[in-house]
Protein chains: 2
Amino acid sequence: MKQHIQAIRSFNRFYTRHLGLLNDRLLDSNYSLAEARILFEIGTRQPIRMSELSELLGIDKGYLSRVITGFVKSGVVLRRTSKDDKRSSNLSLTKKGEQKLASLQLQSDQQVAGFTSRLSREELESMVNSMNEISLMLDEGYDKKKLAAAVTYRDKLQPGDLGYMTYMHGKYYAQDEGYSMEFEGYVAKTFFEFVGRYDEKNDKVWLAEYQGEIVASIAILRRSQKEAQLRWFLVNPMFRGTGVGSRLFDMALSYCRSRFKSVYLMTADTQQQAIAMYKRAGFTLTSSVDTNQWGMRLKEERYDLIIS
Amino acid sequence: MKQHIQAIRSFNRFYTRHLGLLNDRLLDSNYSLAEARILFEIGTRQPIRMSELSELLGIDKGYLSRVITGFVKSGVVLRRTSKDDKRSSNLSLTKKGEQKLASLQLQSDQQVAGFTSRLSREELESMVNSMNEISLMLDEGYDKKKLAAAVTYRDKLQPGDLGYMTYMHGKYYAQDEGYSMEFEGYVAKTFFEFVGRYDEKNDKVWLAEYQGEIVASIAILRRSQKEAQLRWFLVNPMFRGTGVGSRLFDMALSYCRSRFKSVYLMTADTQQQAIAMYKRAGFTLTSSVDTNQWGMRLKEERYDLIIS
DNA sequence: CGGCAATGGTTGCTTTTGTCAACTAATTTC
DNA sequence: GAAATTAGTTGACAAAAGCAACCATTGCCG
């Protein structure tokens with residue numbers, strides 16, 4: 001915790017300096033940082049009221065008023081009294097303002113391009129992902145729902161997916177349950193078998209991704225004409241409680257309903273959270289066997305769901 | 001490219017605002033942002049010269065001079081003329097300065113803690129990783145060497161490692177060579193077999209990690225009393241050309257030299273970069289078979305190295 | 001060695017940036 | 001329909017920052 005805070009403060013210092021460098025160069029354009037920010041916001045949100053601007057940028061309304069007056073005088077901004085509320089005025093850019101902004105944007109783009117030119121495509125992508133994550137998490141209204149909203153879903157398997165799923169199983173089961181590494185070998189085996197018999201028409205895998213990385217998985221395998229098996233249901237701890245898991249689960253179940261008469265799954269009795277979800281969906285315990293696997297004593301349980 | 005730049009600029013705007021919020025609250029302490037930054041730098045780097053400070057923080061030396069004079073007057077900073085160079089002076093904090101800084105730090109810590117309190121441990125960790133990456137890449141002196149310097153190495157297998165290695169094989173071989181998904185299944189199989197016969201005393205795996213994620217791997221498997229096989233040598237594209245690969249390769253080879261009479265490896269003729277490295281180390285081509293695997297026509301080659 | 005250029009820092013002067021409070025006009029609330 | 005609130009303006013002022021001239025010292029080069 002403590003060291004995380006130090007790391008964050010160190011980043012804040014670093015980025016203060018970095019933004020300082022960016023802004024220094026901006027001064028060539030006859031616009032101050034504050035002016036450029038204001039111009040930019042008017043440009044992207046026009047028409048916008050002054051109070052919104054001042055709120056958005058955290059700038060004093062008195063100061064803002066003067067800057068806007070200057071903009072109006074120099075002909076880059078149009079100020080029109082609002083019809084709904086004669087106290088306030090709507091701000092928008094004039095043709096000239098659009099031009100000024102465009103050249104400012106270009107300059108800014110080039111600057112950023114300059115700072116990132118030494119990065120490879122992979123590095124750049126990775127950095128942009130990092131930036132997106134930080135914005136997301138530090139945003140005022142951030143909560144688990146926002147995180148979940150940044151998740152995308154797909155049901156088409158890509159190279160690397162099975163490996164990543166193996167990784168997740170190995171890592172999280174060891175982390176959460178203390179399973180030994182044999183478990184990961186076992187999972188690798190199930191995937192290997194799966195690749196051999198994979199039948200796209202019947203077997204389905206759904207994946208949830210965040211920033212290009214898999215954060216949750218589930219699969220349905222056809223076991224007979226009527227019966228399917230639910231497998232590899234796993235959610236990255238960071239995404240538990242976000243609804244990502246239940247969304248995948250729903251996708252899988254609704255596929256089962258359209259296609260099979262029954263579904264079963266194997267799990268360990270320690271998987272309380274998942275089991276609760278299974279039960280809520282109507283699954284019932286149909287067998288329970290004591291085993292001594294993956295370095296643990298546990299009950300291997302089978303749950304079945306008969307589809308009405 | 002274009003959209004990456006937009007994303008970066010968007011992040012810059014976001015963080016400008018974020019830092020603005022942080023700094024507003026800082027003003028309670030009677031220190032301006034600039035003063036706080038100066039105090040902080042003196043505190044962490046003392047003794048420090050004014051020219052260094054001005055360079056470090058990007059602050060005008062005239063302005064800095066005045067701020068320092070103020071600090072000296074209020075008794076938080078000590079200014080002593082340097083012995084080596086009578087033009088410059090060494091700055092350090094007085095007892096009082098240390099105290100002021102400590103309380104400033106505390107305040108700053110609490111502020112950051114406030115902004116991150118809603119994040120879970122996993123989220124916080126993920127965000128800090130992101131911040132570290134950004135600092136690294138935007139740092140002035142950044143190059144591949146710096147990236148490589150942030151890489152750590154280990155030879156102890158952890159849960160998840162084999163899965164992650166499978167993932168890397170599946171993803172990168174598909175991306176770089178166009179291999180089909182069967183290849184990943186095959187790799188999964190080799191790992192599964194490996195877990196079954198893994199003998200810590202003879203078989204070794206080395207992994208390179210960056211921000212807690214595996215970015216390169218290599219392994220040596222004992223095949224007989226005298227012979228070993230080199231396997232799973234793979235480097236994340238972002239880390240190619242950084243020396244991470246050759247470092248792993250050296251580790252593996254030096255283990256072989258201490259333990260076996262010969263090493264062999266299997267590869268495809270398309271792996272030009274890796275093959276060049278093998279040859280440089282003294283490996284020679286000993287067999288080459290045309291195959292039709294993983295959706296490709298390619299030569300499966302065997303390279304051997306006799307250890308003198 | 002001497003002279004000129006460069007460096008480290010100070011100071012005066014200036015502009016930019018920002019704050020605060022008082023004020024007007026319009027709108028909302030009760 | 002009076003009181004409170006909101007949107008924006010303005011004047012006065014202070015803080016923050018930049019610029020250039022300047023001094024003292026040091027480094028460099030013929």
# chains A, B, ... in the order shown; residues from 1 in each chain; ligands from 1
$ closest_atom_pairs --of "chain A" --to "chain B" --cutoff "6 Å" --atoms "only C-alpha atoms" --output "Markdown table"
| residue | atom | partner | partner_atom | distance |
| --- | --- | --- | --- | --- |
| A:Glu122 | CA | B:Met238 | CA | 5.7 |
| A:Met127 | CA | B:Ile134 | CA | 5.9 |
| A:Ser130 | CA | B:Ser130 | CA | 4.5 |
| A:Ile134 | CA | B:Met127 | CA | 5.9 |
| A:Pro159 | CA | B:Gly170 | CA | 5.0 |
| A:Gly160 | CA | B:Tyr167 | CA | 4.2 |
| A:Gly163 | CA | B:Tyr167 | CA | 3.8 |
| A:Tyr164 | CA | B:Tyr167 | CA | 5.0 |
| A:Thr166 | CA | B:Gly163 | CA | 4.6 |
| A:Tyr167 | CA | B:Gly163 | CA | 3.8 |
| A:Gly170 | CA | B:Gly160 | CA | 4.3 |
| A:Lys171 | CA | B:Gly160 | CA | 4.4 |
| A:Met181 | CA | B:Pro159 | CA | 5.3 |
| A:Gly185 | CA | B:Phe192 | CA | 5.0 |
| A:Ala188 | CA | B:Ala188 | CA | 5.6 |
| A:Lys189 | CA | B:Phe192 | CA | 5.9 |
| A:Phe192 | CA | B:Gly185 | CA | 5.0 |
| A:Val195 | CA | B:Gly185 | CA | 5.9 |
| A:Met238 | CA | B:Glu122 | CA | 5.6 |
$ calpha_fit_and_write --fixed "chain A" --moving "chain B" --output "mmCIF file with C-alpha atoms, in the first residue's frame"
data_model
loop_
_atom_site.group_PDB
_atom_site.id
_atom_site.type_symbol
_atom_site.label_atom_id
_atom_site.label_comp_id
_atom_site.auth_asym_id
_atom_site.auth_seq_id
_atom_site.Cartn_x
_atom_site.Cartn_y
_atom_site.Cartn_z
ATOM 1 C CA MET B 1 0.191 0.101 0.035
ATOM 2 C CA LYS B 2 2.717 2.609 1.272
ATOM 3 C CA GLN B 3 5.044 1.893 -1.601
ATOM 4 C CA HIS B 4 2.231 2.112 -4.105
ATOM 5 C CA ILE B 5 1.527 5.603 -2.906
ATOM 6 C CA GLN B 6 5.163 6.516 -3.285
ATOM 7 C CA ALA B 7 5.149 5.081 -6.791
ATOM 8 C CA ILE B 8 2.081 7.082 -7.677
ATOM 9 C CA ARG B 9 3.537 10.287 -6.295
ATOM 10 C CA SER B 10 6.720 9.649 -8.159
ATOM 11 C CA PHE B 11 4.684 9.270 -11.307
ATOM 12 C CA ASN B 12 2.838 12.487 -10.541
ATOM 13 C CA ARG B 13 6.118 14.348 -10.254
ATOM 14 C CA PHE B 14 7.351 12.772 -13.433
ATOM 15 C CA TYR B 15 4.239 13.673 -15.343
ATOM 16 C CA THR B 16 4.145 17.200 -13.947
ATOM 17 C CA ARG B 17 7.563 17.653 -15.450
ATOM 18 C CA HIS B 18 6.572 15.957 -18.682
ATOM 19 C CA LEU B 19 3.500 18.119 -19.144
ATOM 20 C CA GLY B 20 5.650 21.125 -18.307
ATOM 21 C CA LEU B 21 7.928 20.281 -21.202
ATOM 22 C CA LEU B 22 4.962 19.899 -23.521
ATOM 23 C CA ASN B 23 3.490 23.202 -22.447
ATOM 24 C CA ASP B 24 6.698 25.151 -22.826
ATOM 25 C CA ARG B 25 6.715 24.376 -26.485
ATOM 26 C CA LEU B 26 3.059 25.268 -26.754
ATOM 27 C CA LEU B 27 3.838 28.853 -25.917
ATOM 28 C CA ASP B 28 5.145 29.454 -29.418
ATOM 29 C CA SER B 29 1.547 29.602 -30.504
ATOM 30 C CA ASN B 30 0.659 32.778 -28.569
ATOM 31 C CA TYR B 31 -1.775 30.775 -26.504
ATOM 32 C CA SER B 32 -1.154 30.005 -22.875
ATOM 33 C CA LEU B 33 -1.781 26.530 -21.584
ATOM 34 C CA ALA B 34 -5.054 27.623 -20.051
ATOM 35 C CA GLU B 35 -6.168 29.310 -23.259
ATOM 36 C CA ALA B 36 -5.281 26.274 -25.316
ATOM 37 C CA ARG B 37 -7.200 24.012 -22.971
ATOM 38 C CA ILE B 38 -10.224 26.291 -23.130
ATOM 39 C CA LEU B 39 -10.102 26.520 -26.892
ATOM 40 C CA PHE B 40 -9.819 22.780 -27.154
ATOM 41 C CA GLU B 41 -12.787 22.128 -24.916
ATOM 42 C CA ILE B 42 -14.958 24.628 -26.747
ATOM 43 C CA GLY B 43 -13.949 22.990 -30.002
ATOM 44 C CA THR B 44 -14.852 19.476 -28.950
ATOM 45 C CA ARG B 45 -17.975 20.234 -26.949
ATOM 46 C CA GLN B 46 -19.503 23.218 -28.644
ATOM 47 C CA PRO B 47 -21.929 24.657 -27.916
ATOM 48 C CA ILE B 48 -20.857 24.797 -24.302
ATOM 49 C CA ARG B 49 -21.716 27.137 -21.441
ATOM 50 C CA MET B 50 -19.094 28.958 -19.415
ATOM 51 C CA SER B 51 -20.088 27.288 -16.175
ATOM 52 C CA GLU B 52 -19.552 23.890 -17.770
ATOM 53 C CA LEU B 53 -16.138 24.949 -18.990
ATOM 54 C CA SER B 54 -15.076 26.255 -15.633
ATOM 55 C CA GLU B 55 -16.239 23.050 -13.978
ATOM 56 C CA LEU B 56 -14.588 20.856 -16.597
ATOM 57 C CA LEU B 57 -11.194 22.502 -16.504
ATOM 58 C CA GLY B 58 -11.161 23.533 -12.882
ATOM 59 C CA ILE B 59 -10.658 27.171 -13.811
ATOM 60 C CA ASP B 60 -11.950 30.167 -11.889
ATOM 61 C CA LYS B 61 -15.033 31.614 -13.545
ATOM 62 C CA GLY B 62 -13.725 35.165 -13.270
ATOM 63 C CA TYR B 63 -10.533 34.296 -15.042
ATOM 64 C CA LEU B 64 -12.435 32.272 -17.593
ATOM 65 C CA SER B 65 -14.777 35.155 -18.284
ATOM 66 C CA ARG B 66 -11.845 37.391 -19.164
ATOM 67 C CA VAL B 67 -10.210 34.795 -21.391
ATOM 68 C CA ILE B 68 -13.465 34.271 -23.266
ATOM 69 C CA THR B 69 -13.922 38.014 -23.705
ATOM 70 C CA GLY B 70 -10.444 38.064 -25.212
ATOM 71 C CA PHE B 71 -11.361 35.216 -27.547
ATOM 72 C CA VAL B 72 -14.514 37.005 -28.641
ATOM 73 C CA LYS B 73 -12.578 40.192 -29.294
ATOM 74 C CA SER B 74 -9.967 38.391 -31.365
ATOM 75 C CA GLY B 75 -12.758 36.691 -33.280
ATOM 76 C CA VAL B 76 -12.125 33.042 -32.486
ATOM 77 C CA VAL B 77 -15.138 32.445 -30.285
ATOM 78 C CA LEU B 78 -18.797 33.279 -30.688
ATOM 79 C CA ARG B 79 -20.801 34.067 -27.563
ATOM 80 C CA ARG B 80 -24.586 33.910 -27.812
ATOM 81 C CA THR B 81 -27.007 34.358 -24.964
ATOM 82 C CA SER B 82 -28.905 31.158 -24.372
ATOM 83 C CA LYS B 83 -32.629 31.221 -25.116
ATOM 84 C CA ASP B 84 -33.596 28.984 -22.218
ATOM 85 C CA ASP B 85 -31.623 30.924 -19.685
ATOM 86 C CA LYS B 86 -30.788 34.514 -20.341
ATOM 87 C CA ARG B 87 -28.082 34.498 -17.674
ATOM 88 C CA SER B 88 -25.903 32.017 -19.504
ATOM 89 C CA SER B 89 -24.392 32.074 -22.949
ATOM 90 C CA ASN B 90 -23.489 29.395 -25.434
ATOM 91 C CA LEU B 91 -19.943 29.400 -26.687
ATOM 92 C CA SER B 92 -18.837 28.089 -30.037
ATOM 93 C CA LEU B 93 -15.899 28.497 -32.368
ATOM 94 C CA THR B 94 -15.950 30.791 -35.367
ATOM 95 C CA LYS B 95 -14.381 29.734 -38.675
ATOM 96 C CA LYS B 96 -11.237 31.482 -37.562
ATOM 97 C CA GLY B 97 -11.409 29.721 -34.222
ATOM 98 C CA GLU B 98 -11.670 26.349 -35.924
ATOM 99 C CA GLN B 99 -8.573 27.162 -37.932
ATOM 100 C CA LYS B 100 -6.590 28.284 -34.908
ATOM 101 C CA LEU B 101 -7.620 25.166 -33.047
ATOM 102 C CA ALA B 102 -6.695 22.938 -35.976
ATOM 103 C CA SER B 103 -3.216 24.381 -36.149
ATOM 104 C CA LEU B 104 -2.871 24.058 -32.406
ATOM 105 C CA GLN B 105 -3.970 20.454 -32.599
ATOM 106 C CA LEU B 106 -1.489 19.753 -35.348
ATOM 107 C CA GLN B 107 1.301 21.267 -33.329
ATOM 108 C CA SER B 108 0.276 19.249 -30.321
ATOM 109 C CA ASP B 109 0.082 16.072 -32.370
ATOM 110 C CA GLN B 110 3.564 16.617 -33.728
ATOM 111 C CA GLN B 111 4.889 17.239 -30.272
ATOM 112 C CA VAL B 112 3.453 13.995 -28.973
ATOM 113 C CA ALA B 113 4.682 12.203 -32.063
ATOM 114 C CA GLY B 114 8.132 13.572 -31.301
ATOM 115 C CA PHE B 115 8.090 12.209 -27.796
ATOM 116 C CA THR B 116 6.954 8.781 -28.922
ATOM 117 C CA SER B 117 8.908 8.410 -32.136
ATOM 118 C CA ARG B 118 11.548 6.219 -30.535
ATOM 119 C CA LEU B 119 8.952 3.676 -29.426
ATOM 120 C CA SER B 120 8.117 0.579 -31.420
ATOM 121 C CA ARG B 121 4.552 -0.199 -32.345
ATOM 122 C CA GLU B 122 4.301 -2.730 -29.535
ATOM 123 C CA GLU B 123 5.718 -0.330 -26.991
ATOM 124 C CA LEU B 124 3.400 2.450 -28.089
ATOM 125 C CA GLU B 125 0.413 0.170 -27.885
ATOM 126 C CA SER B 126 1.400 -1.050 -24.475
ATOM 127 C CA MET B 127 1.858 2.510 -23.256
ATOM 128 C CA VAL B 128 -1.502 3.632 -24.602
ATOM 129 C CA ASN B 129 -3.130 0.724 -22.809
ATOM 130 C CA SER B 130 -1.456 1.835 -19.630
ATOM 131 C CA MET B 131 -2.700 5.374 -20.103
ATOM 132 C CA ASN B 132 -6.242 4.210 -20.694
ATOM 133 C CA GLU B 133 -6.156 2.169 -17.564
ATOM 134 C CA ILE B 134 -4.916 5.045 -15.458
ATOM 135 C CA SER B 135 -7.533 7.433 -16.797
ATOM 136 C CA LEU B 136 -10.213 4.894 -16.141
ATOM 137 C CA MET B 137 -9.173 4.231 -12.577
ATOM 138 C CA LEU B 138 -8.436 7.770 -11.506
ATOM 139 C CA ASP B 139 -11.577 9.127 -13.060
ATOM 140 C CA GLU B 140 -13.910 10.633 -10.503
ATOM 141 C CA GLY B 141 -16.841 8.413 -11.248
ATOM 142 C CA TYR B 142 -14.789 5.244 -11.371
ATOM 143 C CA ASP B 143 -16.242 2.080 -9.980
ATOM 144 C CA LYS B 144 -16.444 -1.564 -10.865
ATOM 145 C CA LYS B 145 -19.243 -0.816 -13.307
ATOM 146 C CA LYS B 146 -17.013 1.488 -15.304
ATOM 147 C CA LEU B 147 -14.372 -1.181 -15.391
ATOM 148 C CA ALA B 148 -16.932 -3.664 -16.629
ATOM 149 C CA ALA B 149 -18.030 -1.235 -19.312
ATOM 150 C CA ALA B 150 -14.525 -1.322 -20.784
ATOM 151 C CA VAL B 151 -14.761 -5.081 -21.234
ATOM 152 C CA THR B 152 -15.494 -6.584 -24.636
ATOM 153 C CA TYR B 153 -16.785 -10.034 -25.437
ATOM 154 C CA ARG B 154 -16.129 -12.502 -28.202
ATOM 155 C CA ASP B 155 -16.859 -16.147 -28.926
ATOM 156 C CA LYS B 156 -14.309 -16.781 -31.617
ATOM 157 C CA LEU B 157 -11.184 -18.560 -30.460
ATOM 158 C CA GLN B 158 -7.855 -17.015 -31.396
ATOM 159 C CA PRO B 159 -4.336 -18.371 -31.150
ATOM 160 C CA GLY B 160 -3.095 -17.901 -27.631
ATOM 161 C CA ASP B 161 -6.521 -18.099 -26.022
ATOM 162 C CA LEU B 162 -6.224 -21.640 -24.745
ATOM 163 C CA GLY B 163 -2.784 -20.928 -23.371
ATOM 164 C CA TYR B 164 -4.013 -17.830 -21.634
ATOM 165 C CA MET B 165 -6.914 -19.732 -20.144
ATOM 166 C CA THR B 166 -4.483 -22.355 -18.871
ATOM 167 C CA TYR B 167 -2.421 -19.551 -17.366
ATOM 168 C CA MET B 168 -5.438 -18.091 -15.622
ATOM 169 C CA HIS B 169 -6.456 -21.450 -14.214
ATOM 170 C CA GLY B 170 -2.973 -22.197 -12.972
ATOM 171 C CA LYS B 171 -2.439 -18.782 -11.460
ATOM 172 C CA TYR B 172 -5.792 -18.094 -9.856
ATOM 173 C CA TYR B 173 -6.443 -21.574 -8.509
ATOM 174 C CA ALA B 174 -3.009 -21.544 -6.914
ATOM 175 C CA GLN B 175 -3.547 -18.038 -5.577
ATOM 176 C CA ASP B 176 -7.092 -18.486 -4.295
ATOM 177 C CA GLU B 177 -7.234 -22.165 -3.418
ATOM 178 C CA GLY B 178 -3.644 -23.233 -3.056
ATOM 179 C CA TYR B 179 -3.766 -25.808 -5.851
ATOM 180 C CA SER B 180 -0.429 -27.260 -6.882
ATOM 181 C CA MET B 181 1.070 -26.983 -10.339
ATOM 182 C CA GLU B 182 -0.282 -30.386 -11.355
ATOM 183 C CA PHE B 183 -3.635 -28.720 -11.696
ATOM 184 C CA GLU B 184 -2.283 -26.527 -14.447
ATOM 185 C CA GLY B 185 -0.924 -29.590 -16.203
ATOM 186 C CA TYR B 186 -4.357 -31.164 -15.943
ATOM 187 C CA VAL B 187 -5.993 -28.069 -17.403
ATOM 188 C CA ALA B 188 -3.429 -28.031 -20.198
ATOM 189 C CA LYS B 189 -4.419 -31.617 -20.913
ATOM 190 C CA THR B 190 -8.121 -30.800 -21.087
ATOM 191 C CA PHE B 191 -7.329 -28.028 -23.550
ATOM 192 C CA PHE B 192 -5.120 -30.270 -25.596
ATOM 193 C CA GLU B 193 -7.913 -32.832 -25.833
ATOM 194 C CA PHE B 194 -10.293 -30.041 -26.664
ATOM 195 C CA VAL B 195 -8.242 -28.865 -29.632
ATOM 196 C CA GLY B 196 -8.250 -32.417 -30.976
ATOM 197 C CA ARG B 197 -12.025 -32.784 -30.919
ATOM 198 C CA TYR B 198 -13.067 -29.135 -31.211
ATOM 199 C CA ASP B 199 -16.197 -28.843 -33.286
ATOM 200 C CA GLU B 200 -17.073 -25.226 -33.918
ATOM 201 C CA LYS B 201 -20.684 -26.054 -34.588
ATOM 202 C CA ASN B 202 -21.307 -27.529 -31.169
ATOM 203 C CA ASP B 203 -18.565 -26.450 -28.826
ATOM 204 C CA LYS B 204 -18.453 -22.803 -27.836
ATOM 205 C CA VAL B 205 -16.054 -20.640 -25.903
ATOM 206 C CA TRP B 206 -16.824 -17.101 -24.704
ATOM 207 C CA LEU B 207 -14.125 -14.713 -23.629
ATOM 208 C CA ALA B 208 -14.174 -11.340 -21.911
ATOM 209 C CA GLU B 209 -11.317 -9.001 -22.763
ATOM 210 C CA TYR B 210 -9.994 -5.819 -21.206
ATOM 211 C CA GLN B 211 -7.211 -3.842 -22.887
ATOM 212 C CA GLY B 212 -6.661 -6.745 -25.266
ATOM 213 C CA GLU B 213 -6.204 -9.220 -22.424
ATOM 214 C CA ILE B 214 -8.527 -12.042 -21.458
ATOM 215 C CA VAL B 215 -10.090 -11.458 -18.063
ATOM 216 C CA ALA B 216 -12.769 -14.126 -17.976
ATOM 217 C CA SER B 217 -13.740 -17.277 -19.816
ATOM 218 C CA ILE B 218 -16.444 -19.913 -20.087
ATOM 219 C CA ALA B 219 -17.106 -22.784 -22.461
ATOM 220 C CA ILE B 220 -19.843 -25.229 -23.403
ATOM 221 C CA LEU B 221 -18.818 -28.609 -24.822
ATOM 222 C CA ARG B 222 -21.249 -30.961 -26.473
ATOM 223 C CA ARG B 223 -21.152 -34.327 -24.735
ATOM 224 C CA SER B 224 -24.031 -36.040 -26.506
ATOM 225 C CA GLN B 225 -27.011 -35.199 -28.629
ATOM 226 C CA LYS B 226 -28.816 -33.821 -25.593
ATOM 227 C CA GLU B 227 -26.190 -33.054 -23.051
ATOM 228 C CA ALA B 228 -23.496 -30.410 -22.731
ATOM 229 C CA GLN B 229 -20.728 -29.713 -20.241
ATOM 230 C CA LEU B 230 -19.950 -26.277 -18.873
ATOM 231 C CA ARG B 231 -16.223 -25.765 -18.453
ATOM 232 C CA TRP B 232 -13.421 -23.316 -17.802
ATOM 233 C CA PHE B 233 -15.550 -20.755 -16.063
ATOM 234 C CA LEU B 234 -13.076 -18.361 -14.505
ATOM 235 C CA VAL B 235 -12.902 -14.637 -13.768
ATOM 236 C CA ASN B 236 -9.793 -12.547 -13.080
ATOM 237 C CA PRO B 237 -10.045 -11.423 -9.417
ATOM 238 C CA MET B 238 -9.905 -7.800 -10.467
ATOM 239 C CA PHE B 239 -13.129 -8.305 -12.399
ATOM 240 C CA ARG B 240 -15.060 -10.271 -9.831
ATOM 241 C CA GLY B 241 -18.184 -8.499 -8.760
ATOM 242 C CA THR B 242 -18.341 -6.450 -11.938
ATOM 243 C CA GLY B 243 -20.986 -8.523 -13.654
ATOM 244 C CA VAL B 244 -18.509 -9.796 -16.234
ATOM 245 C CA GLY B 245 -18.779 -13.322 -14.858
ATOM 246 C CA SER B 246 -22.546 -13.446 -14.824
ATOM 247 C CA ARG B 247 -22.668 -11.998 -18.288
ATOM 248 C CA LEU B 248 -20.479 -14.813 -19.623
ATOM 249 C CA PHE B 249 -22.503 -17.319 -17.636
ATOM 250 C CA ASP B 250 -25.726 -16.020 -19.175
ATOM 251 C CA MET B 251 -24.301 -16.251 -22.666
ATOM 252 C CA ALA B 252 -23.286 -19.830 -22.080
ATOM 253 C CA LEU B 253 -26.608 -20.820 -20.522
ATOM 254 C CA SER B 254 -28.674 -19.193 -23.199
ATOM 255 C CA TYR B 255 -26.697 -21.148 -25.790
ATOM 256 C CA CYS B 256 -27.407 -24.344 -23.859
ATOM 257 C CA ARG B 257 -31.111 -23.586 -23.734
ATOM 258 C CA SER B 258 -31.224 -23.206 -27.485
ATOM 259 C CA ARG B 259 -29.321 -26.386 -28.152
ATOM 260 C CA PHE B 260 -29.405 -29.017 -25.402
ATOM 261 C CA LYS B 261 -31.708 -30.719 -22.912
ATOM 262 C CA SER B 262 -29.289 -30.658 -20.021
ATOM 263 C CA VAL B 263 -25.972 -29.221 -18.865
ATOM 264 C CA TYR B 264 -23.586 -30.424 -16.220
ATOM 265 C CA LEU B 265 -20.380 -29.136 -14.744
ATOM 266 C CA MET B 266 -17.651 -30.342 -12.446
ATOM 267 C CA THR B 267 -16.318 -28.186 -9.670
ATOM 268 C CA ALA B 268 -14.745 -28.314 -6.244
ATOM 269 C CA ASP B 269 -16.771 -27.623 -3.127
ATOM 270 C CA THR B 270 -14.491 -24.705 -2.279
ATOM 271 C CA GLN B 271 -15.746 -22.653 -5.217
ATOM 272 C CA GLN B 272 -18.425 -21.000 -3.123
ATOM 273 C CA GLN B 273 -19.041 -17.957 -5.256
ATOM 274 C CA ALA B 274 -19.338 -19.882 -8.495
ATOM 275 C CA ILE B 275 -21.510 -22.567 -6.921
ATOM 276 C CA ALA B 276 -23.890 -19.907 -5.646
ATOM 277 C CA MET B 277 -24.247 -18.677 -9.208
ATOM 278 C CA TYR B 278 -24.844 -22.215 -10.497
ATOM 279 C CA LYS B 279 -27.546 -22.782 -7.916
ATOM 280 C CA ARG B 280 -29.219 -19.511 -8.689
ATOM 281 C CA ALA B 281 -29.444 -20.628 -12.303
ATOM 282 C CA GLY B 282 -31.135 -23.849 -11.239
ATOM 283 C CA PHE B 283 -28.198 -26.264 -11.143
ATOM 284 C CA THR B 284 -28.465 -28.955 -8.480
ATOM 285 C CA LEU B 285 -25.790 -31.064 -6.859
ATOM 286 C CA THR B 286 -25.914 -34.590 -8.275
ATOM 287 C CA SER B 287 -22.740 -36.149 -6.994
ATOM 288 C CA SER B 288 -19.956 -35.429 -4.568
ATOM 289 C CA VAL B 289 -16.738 -37.407 -4.292
ATOM 290 C CA ASP B 290 -13.926 -36.908 -1.804
ATOM 291 C CA THR B 291 -10.637 -36.644 -3.626
ATOM 292 C CA ASN B 292 -7.065 -35.856 -2.895
ATOM 293 C CA GLN B 293 -5.978 -33.862 -5.861
ATOM 294 C CA TRP B 294 -3.721 -30.913 -6.672
ATOM 295 C CA GLY B 295 -2.211 -31.156 -3.247
ATOM 296 C CA MET B 296 -5.570 -30.612 -1.524
ATOM 297 C CA ARG B 297 -8.318 -32.635 0.060
ATOM 298 C CA LEU B 298 -11.527 -31.555 -1.547
ATOM 299 C CA LYS B 299 -14.919 -32.674 -2.720
ATOM 300 C CA GLU B 300 -15.283 -32.977 -6.450
ATOM 301 C CA GLU B 301 -18.871 -32.084 -7.137
ATOM 302 C CA ARG B 302 -21.087 -32.461 -10.131
ATOM 303 C CA TYR B 303 -23.959 -30.090 -10.777
ATOM 304 C CA ASP B 304 -26.688 -30.680 -13.321
ATOM 305 C CA LEU B 305 -29.286 -28.487 -14.882
ATOM 306 C CA ILE B 306 -32.248 -29.952 -16.698
ATOM 307 C CA ILE B 307 -33.506 -27.544 -19.299
ATOM 308 C CA SER B 308 -37.280 -27.387 -19.126
#
$ interface_residues --of "chain D" --to "chain B" --cutoff "10 Å" --atoms "only C-alpha atoms (C1' of nucleotides)" --output "list of chain:residue names"
D:DA15, D:DA16, D:DA17, D:DG18, D:DC19, D:DA24, D:DT25, D:DT26
$ select_by_dssp --residues "region 115-208 of chain B" --states "helix (DSSP H, G or I)" --output "ChimeraX atom specification"
/B:115-116,121-138,144-149,161-177,181-197
$ closest_atom_pairs --of "chain C" --to "chain A" --cutoff "9 Å" --atoms "only C-alpha atoms (C1' of nucleotides)" --output "CSV"
residue,atom,partner,partner_atom,distance
C:DT16,C1',A:Ser32,CA,8.6
C:DT17,C1',A:Tyr63,CA,8.6
C:DG18,C1',A:Tyr63,CA,6.9
C:DT19,C1',A:Asp60,CA,7.9
C:DA25,C1',A:Arg87,CA,6.7
C:DA26,C1',A:Arg87,CA,5.3
C:DT27,C1',A:Asp85,CA,7.6
$ select_by_dssp --residues "region 168-269 of chain A" --states "strand (DSSP E)" --output "PyMOL selection string"
chain A and resi 204-210+213-222+227-235+262-268
$ atom_distance --atom1 "C1' of DG12 (chain C)" --atom2 "C1' of DA14 (chain D)"
18.4 Å
$ residues_around --residues "DT29 (chain C)" --least-positions-apart "5" --cutoff "12 Å" --atoms "only C-alpha atoms (C1' of nucleotides)" --output "NGL selection string"
:D and (1-5)
$ atom_distance --atom1 "C1' of DG8 (chain D)" --atom2 "C1' of DT15 (chain C)"
25.7 Å
$ residues_around --residues "DG2 (chain C)" --least-positions-apart "2" --cutoff "12 Å" --atoms "only C-alpha atoms (C1' of nucleotides)" --output "list in words"
DC4 of chain C; DC28, DC29 and DG30 of chain D
